[in-house]
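Colleague: Before we start, here is the structure in question, set down as structure tokens.
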Amino acid sequence: MHLAGRLRFLKTDLLFMNRLILSIVFVLWGLLHYCSCALLKKNLKPEESKALAEKAIFEYLNDNDSFGDILTGKGLSKIDPLLSKRETLTTNGIIYFKNPMHSNRLKSPLPRESFLLVIPDSLANRYRYVGNDQDYEHDYSIIHQFSPLLPTIAQDTFLMEHYLWANSCDDQGCIRGLKRSYLSFKIVGQKVQFLEDLSISDQNGFIGFGGFPRKQMEEAGPGDKITKYGW
């Protein structure tokens, strides 16, 4: 082959390779853009996250807030309206859990938004907000504190921090305690399904404060507190 022919062949070959490389680059860029958009669509917007968190909370409470005969409280159950991931749990100036909850199921980075929960009017006869009094340890009521929904490594599955202040009673006496755990939910579109209550195996998940006569709780008036533990 003459030199001119070889040069033309080499030029054509290089042009073909350049076009092939350019095509691959465009295809990869398109895939990357598609994946990025898909991931962005999977992230919940703040208003959507708040609405789904409220839906998840009342879905859970609807099935579990009676707790059978295991947990008992005086009056309506109370809910802390602040949905927040808590680094520590502090009420009434006392730190009850110094370390945050953690789980290998959670997907980092975790959202840092906090929301204010709204109790719907239809449930006003079952729940009320906690007041300015932060002495949950000596309250007779069942009190709930929740976090927002936290994404996990499992598709469509979220965890929610749950702190539960309650009494466990028999016929004569009660014991006041504080329990923390994760609530697991499956969320597809706007459908929310409570899955399970997950205990924390490698962290302190329960604090017992002491006992008191059940009659004391039953005879307590609005705003009365557990003044001492023991009989």
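Just so we're on the same page: first chain in the structure tokens is A, next is B, and so on; residues restart at 1 for each chain, and ligands are numbered from 1 in the order they show up.
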Please, which residues of segment 58-178 of chain A, numbered as in this document, come out strand (DSSP E) from DSSP, as an NGL selection string?

Modeller: :A and (77-79 or 82-83 or 89-91 or 94-97 or 115-116 or 127-129 or 143-146 or 150-151 or 157-169 or 173-178)

Colleague: Using only C-alpha atoms, find each residue in segment 190-230 of chain A having at least one atom no more than 12 Å away from segment 55-63 of chain A; report its shortest atom-to-atom pair and that distance in Å (one decimal), rows by chain then rising number, as a Markdown table.

Modeller:
```
| residue | atom | partner | partner_atom | distance |
| --- | --- | --- | --- | --- |
| A:Gln190 | CA | A:Lys55 | CA | 9.1 |
| A:Lys191 | CA | A:Lys55 | CA | 9.0 |
| A:Val192 | CA | A:Ala56 | CA | 6.1 |
| A:Gln193 | CA | A:Ala56 | CA | 7.4 |
| A:Phe194 | CA | A:Tyr60 | CA | 6.0 |
| A:Leu195 | CA | A:Tyr60 | CA | 9.1 |
| A:Glu196 | CA | A:Tyr60 | CA | 9.4 |
| A:Asp197 | CA | A:Tyr60 | CA | 9.7 |
```

Colleague: When you look at Ile119 of chain A with a cut-off of 10 Å (counting only C-alpha atoms), what residues show up, excluding the ones that are within fewer than 5 positions of it in the same chain? I need them as a PyMOL selection string.

Modeller: chain A and resi 54+58+79+81+124+126-129

Colleague: Keeping N, CA and C atoms for every residue in the selection just given, could you write it to a file as a PDB file, in the first residue's frame?

Modeller:
```
ATOM      1  N   GLU A  54     -45.609  11.590  60.433  1.00  0.00           N
ATOM      2  CA  GLU A  54     -46.850  11.664  61.219  1.00  0.00           C
ATOM      3  C   GLU A  54     -47.744  10.461  60.928  1.00  0.00           C
ATOM      4  N   PHE A  58     -48.831   7.559  63.840  1.00  0.00           N
ATOM      5  CA  PHE A  58     -50.205   7.212  64.207  1.00  0.00           C
ATOM      6  C   PHE A  58     -50.586   5.824  63.716  1.00  0.00           C
ATOM      7  N   ILE A  79     -47.654  13.089  73.710  1.00  0.00           N
ATOM      8  CA  ILE A  79     -46.666  13.017  72.641  1.00  0.00           C
ATOM      9  C   ILE A  79     -45.845  14.299  72.633  1.00  0.00           C
ATOM     10  N   PRO A  81     -44.177  16.959  70.695  1.00  0.00           N
ATOM     11  CA  PRO A  81     -44.385  17.351  69.293  1.00  0.00           C
ATOM     12  C   PRO A  81     -43.101  17.491  68.482  1.00  0.00           C
ATOM     13  N   ALA A 124     -57.808  13.779  69.009  1.00  0.00           N
ATOM     14  CA  ALA A 124     -57.655  14.634  70.192  1.00  0.00           C
ATOM     15  C   ALA A 124     -58.215  13.990  71.448  1.00  0.00           C
ATOM     16  N   ARG A 126     -57.624  10.944  72.236  1.00  0.00           N
ATOM     17  CA  ARG A 126     -56.719   9.854  72.609  1.00  0.00           C
ATOM     18  C   ARG A 126     -55.323  10.338  72.996  1.00  0.00           C
ATOM     19  N   TYR A 127     -54.898  11.453  72.403  1.00  0.00           N
ATOM     20  CA  TYR A 127     -53.536  11.945  72.640  1.00  0.00           C
ATOM     21  C   TYR A 127     -53.548  13.440  72.889  1.00  0.00           C
ATOM     22  N   ARG A 128     -52.546  13.887  73.637  1.00  0.00           N
ATOM     23  CA  ARG A 128     -52.352  15.323  73.803  1.00  0.00           C
ATOM     24  C   ARG A 128     -50.860  15.605  73.844  1.00  0.00           C
ATOM     25  N   TYR A 129     -50.501  16.863  73.616  1.00  0.00           N
ATOM     26  CA  TYR A 129     -49.094  17.238  73.638  1.00  0.00           C
ATOM     27  C   TYR A 129     -48.588  17.301  75.074  1.00  0.00           C
TER      28      TYR A 129
END
```

Colleague: Using only C-alpha atoms for the distances, tell me which of A:Ser201, A:Gln134, A:Ser147, A:Ser49 is nearest to Glu87 of chain A.

Modeller: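 The answer is A:Ser147, which sits nearest to Glu87 of chain A.
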
Colleague: Rounded to one decimal in Å, what is the spacing between atom CA of Asp139 of chain A and atom CA of Ala53 of chain A?

Modeller: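 Straight-line distance from atom CA of Asp139 of chain A to atom CA of Ala53 of chain A works out to 25.8 Å.
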
Colleague: Which residues are close to segment 207-209 of chain A, i.e. within 8 Å by only C-alpha atoms, leaving aside same-chain residues fewer than 2 positions away? Reply as a PyMOL selection string.

Modeller: chain A and resi 137+175-179+205+211+229

Colleague: Mind checking DSSP for segment 45-169 of chain A and telling me the alpha helix (DSSP H) residues as a count of residues only?

Modeller: 19

Colleague: Counting only C-alpha atoms, which of A:Asp80, A:Asp121, A:Asp135, A:Glu218 gets nearest to Tyr163 of chain A?

Modeller: A:Asp80

Colleague: Choose the residue, out of A:Glu47, A:Ser184, A:Ser122, A:Cys174, that has the smallest atom-to-atom separation from Leu106 of chain A; count only C-alpha atoms.

Modeller: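 Of A:Glu47, A:Ser184, A:Ser122, A:Cys174, the one nearest Leu106 of chain A, counting only C-alpha atoms, is A:Ser184.
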
Colleague: Considering only C-alpha atoms, return as a ChimeraX atom specification whatever protein or nucleic-acid residues lie within 12 Å of Lys45 of chain A, sequence-local ones (same chain, fewer than 5 positions apart) excluded.

Modeller: /A:40,50-53,111,113,149

Colleague: How far is it from atom CA of Lys78 of chain A to atom CA of Phe115 of chain A, in Å with one decimal?

Modeller: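 Computed distance, atom CA of Lys78 of chain A to atom CA of Phe115 of chain A, equals 16.9 Å.
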
Colleague: Here is a test: counting only C-alpha atoms, which residue of A:Met217, A:Leu116, A:Ile153, A:Ile200 is nearest to Lys74 of chain A?

Modeller: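 Among A:Met217, A:Leu116, A:Ile153, A:Ile200, it is A:Met217 that comes nearest to Lys74 of chain A.
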
Colleague: With distances taken over only C-alpha atoms, which residue among A:Thr157, A:Phe146, A:Ser181, A:Ile95 lies nearest Gln203 of chain A?

Modeller: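 Once distances to Gln203 of chain A are computed over only C-alpha atoms, the minimum belongs to A:Ser181.
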
Colleague: Taking into account only C-alpha atoms, which residue in the set A:Gln155, A:Ser108, A:Ser141, A:Ser103 is nearest to Leu198 of chain A?

Modeller: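 Result for the nearest residue to Leu198 of chain A: A:Ser103.
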